[in-house]
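Notes for the one structure printed next.
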Amino acid sequence: CELKFLAASGKFCSAVEETVLLMKKGESCEVRCTDSSECEDTELKLQPRAGAIVVFSLELLDFEKMDIYGMEEVDRAAYCTKRKEVGSKLFQEGATRRALRRYQHVSGSLAYLEDWKNAAVVEEATALRRVCHLNAAACWLKLEDWRQAETSCSTVLGEDPSNGKALFRRAKALEGLREYREAEQSLRKLLECDKENKEAARMLVKMRQLVKNETEKEKEMFSRMARGMRDARDTAAGSAAAGVAESAKAGGKGAAMASKVDRPSAVQADSDGSDGSGVGRTMLIAAAAVLTLSAVSILARRWR
């Protein structure tokens with residue numbers, strides 16, 4: 001069948017509208033959809049069974065190109081307002097990702113307003129961009145992409161630091177990121193501006209308890225680390241003392257062995273000394289005998 005519609009208007013299912021946005025004039029393609037919910041369409045009477053793989057063909061016969069950056073400021077703001085409304089409709093229907101794309105399209109289209117001349121339109125466009133960032137944050141929270149949600153909220157708070165929705169959604173995102181102290185700070189700031197916000201007050205009580213639990217865990221962890229360092233120091237000191245004692249013991253054994261080795265040498269030396277004395281006496285006796293014989297020989301010659 002032949003269809004004529006405004007792309008990304010939310011009139012038809014995601015499988016049709018999101019694919020058409022990527023096609024060129026005269027191009028044909030085969031669409032294979034593994035998520036049957038993306039092909040459900042009451043307008044086209046498409047009701048695939050759950051888990052079914054849907055395959056169909058599309059051909060883009062013609063399209064009218066819309067240059068939003070060439071529009072007048074008033075027309076551009078009006079166009080973006082309609083895109084935002086489509087996103088809100090999709091969000092209510094549960095098409096979170098499709099809604100997110102519409103919000104991102106609007107915030108991107110209105111990213112730079114410095115050159116706009118009409119102050120009233122600039123104010124309107126700025127407020128619209130801010131709403132789309134907040135709505136994008138709601139989408140990210142639903143998709144549980146906490147960091148993206150926190151980024152979207154921080155973008156709004158950069159322009160409007162006391163924005164209640166941004167502060168609350170940022171706290172939700174920070175809770176998902178387990179950054180409880182930052183979430184508590186965000187809620188405190190919110191309650192300073194809106195003391196009657198009961199939901200924020202309840203969440204603040206929860207954050208305080210989570211911060212307390214986190215603090216106790218950190219104290220226990222630091223305590224274990226301190227005990228570990230102390231035990232390691234004591235073990236090192238004990239090992240050093242044992243090493244010194246062992247060295248001293250080894251030195252005493254060495255001295256004792258040296259003493260024992262020296263004594264036999266002394267005994268041997270004494271023994272050697274005794275033997276030397278005996279030899280000396282023998283030599284003296286022999287010398288005396290020689291002298292006696294010499295004297296006798298001299299006397300014998302004189303008596304002749």
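Here, A, B, ... name the chains of the structure tokens in the order displayed, residue numbers run from 1 inside each chain, and ligands are numbered from 1 in the same displayed order.
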**Item:** 12 Å contact set for Ala15 (chain A), only C-alpha atoms, chain neighbours under 4 positions out, as a PyMOL selection string
**Value:** chain A and resi 7-8+10-11+19-22+30-41+44+46+54-58+98
Interface rows for region 145-243 of chain A against region 105-121 of chain A: nearest pair, Å to one decimal, 12 Å, only C-alpha atoms, as a Markdown table:
```
| residue | atom | partner | partner_atom | distance |
| --- | --- | --- | --- | --- |
| A:Ser152 | CA | A:Ser107 | CA | 10.5 |
| A:Thr155 | CA | A:Ser107 | CA | 10.9 |
| A:Val156 | CA | A:Ser107 | CA | 11.2 |
```
Once you have the residues from the selection above, write them out as a PDB file, in the first residue's frame, restricted to N, CA, C and O atoms.
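Result went into part-v6.pdb, see below:
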```
ATOM      1  N   SER A 152      22.283  14.844  31.384  1.00  0.00           N
ATOM      2  CA  SER A 152      21.164  15.681  30.914  1.00  0.00           C
ATOM      3  C   SER A 152      20.715  16.656  31.996  1.00  0.00           C
ATOM      4  O   SER A 152      20.448  17.836  31.725  1.00  0.00           O
ATOM      5  N   THR A 155      23.194  19.470  32.496  1.00  0.00           N
ATOM      6  CA  THR A 155      23.090  20.481  31.433  1.00  0.00           C
ATOM      7  C   THR A 155      22.049  21.529  31.801  1.00  0.00           C
ATOM      8  O   THR A 155      22.266  22.736  31.625  1.00  0.00           O
ATOM      9  N   VAL A 156      20.924  21.080  32.326  1.00  0.00           N
ATOM     10  CA  VAL A 156      19.862  22.008  32.748  1.00  0.00           C
ATOM     11  C   VAL A 156      20.324  22.850  33.930  1.00  0.00           C
ATOM     12  O   VAL A 156      20.115  24.070  33.971  1.00  0.00           O
TER      13      VAL A 156
END
```
**Message:** Please list as a PyMOL selection string every residue within 9 Å of region 190-199 of chain A, counting only C-alpha atoms and excluding residues in the same chain fewer than 4 positions away.
**Reply:** chain A and resi 162-165+167-168+185-186+203-204
**Prompt:** For Phe12 (chain A), which residue out of A:Ala237, A:Leu174, A:Ile68, A:Val86 is the nearest one, using only C-alpha atoms?
**Reply:** A:Val86
**Prompt:** Could you pull out the helix (DSSP H, G or I) residues of region 19-231 of chain A from DSSP and send them as a PyMOL selection string?
**Reply:** chain A and resi 19-20+36-39+68-70+73-92+96-109+119-142+146-159+164-176+180-193+198-231
**Request:** Using DSSP on the backbone coordinates, identify the residues of region 18-261 of chain A assigned to strand (DSSP E or B); present them as JSON, numbers by chain.
**Result:** {"A": [28, 29, 30, 31, 32, 33, 41, 46, 54, 55, 56, 57, 58, 59]}
Please save C-alpha atoms of the selected residues as a PDB file, in the first residue's frame.
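The file below, result_3.pdb, is the result:
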```pdb
ATOM      1  CA  SER A  28      14.073   0.356  -1.636  1.00  0.00           C
ATOM      2  CA  CYS A  29      15.001  -1.772   1.325  1.00  0.00           C
ATOM      3  CA  GLU A  30      13.999  -4.901   3.189  1.00  0.00           C
ATOM      4  CA  VAL A  31      13.331  -4.398   6.884  1.00  0.00           C
ATOM      5  CA  ARG A  32      13.936  -7.315   9.241  1.00  0.00           C
ATOM      6  CA  CYS A  33      12.576  -6.664  12.711  1.00  0.00           C
ATOM      7  CA  ASP A  41       0.646  -0.695  14.311  1.00  0.00           C
ATOM      8  CA  LEU A  46      -0.058  -5.017  12.082  1.00  0.00           C
ATOM      9  CA  VAL A  54       8.802  -9.547  10.942  1.00  0.00           C
ATOM     10  CA  VAL A  55      10.152  -8.924   7.424  1.00  0.00           C
ATOM     11  CA  PHE A  56       8.707  -6.366   4.999  1.00  0.00           C
ATOM     12  CA  SER A  57       9.804  -4.113   2.127  1.00  0.00           C
ATOM     13  CA  LEU A  58       9.765  -0.322   1.889  1.00  0.00           C
ATOM     14  CA  GLU A  59      10.266   2.026  -1.023  1.00  0.00           C
TER      15      GLU A  59
END
```
**Message:** Residues within 8 Å of Leu134 (chain A), please, as a list in words. Count only C-alpha atoms; anything in the same chain fewer than 2 positions from it doesn't count.
**Reply:** Arg130, Val131, Cys132, Ala136, Ala137, Ala138, Ser152, Cys153, Val156, Lys165 and Ala166 of chain A
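Taking CA of Thr126 (chain A) and CA of Trp140 (chain A) as the two end points, the separation is 21.1 Å.
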**Asked** Any idea what the distance is between CA of Thr42 (chain A) and CA of Glu93 (chain A)?
**Response**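 A separation of 13.1 Å between them.
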**Message:** One decimal, in Å: what's the spacing between CA of Phe5 (chain A) and CA of Leu143 (chain A)?
**Reply:**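 Pair CA of Phe5 (chain A) / CA of Leu143 (chain A) returns 28.9 Å.
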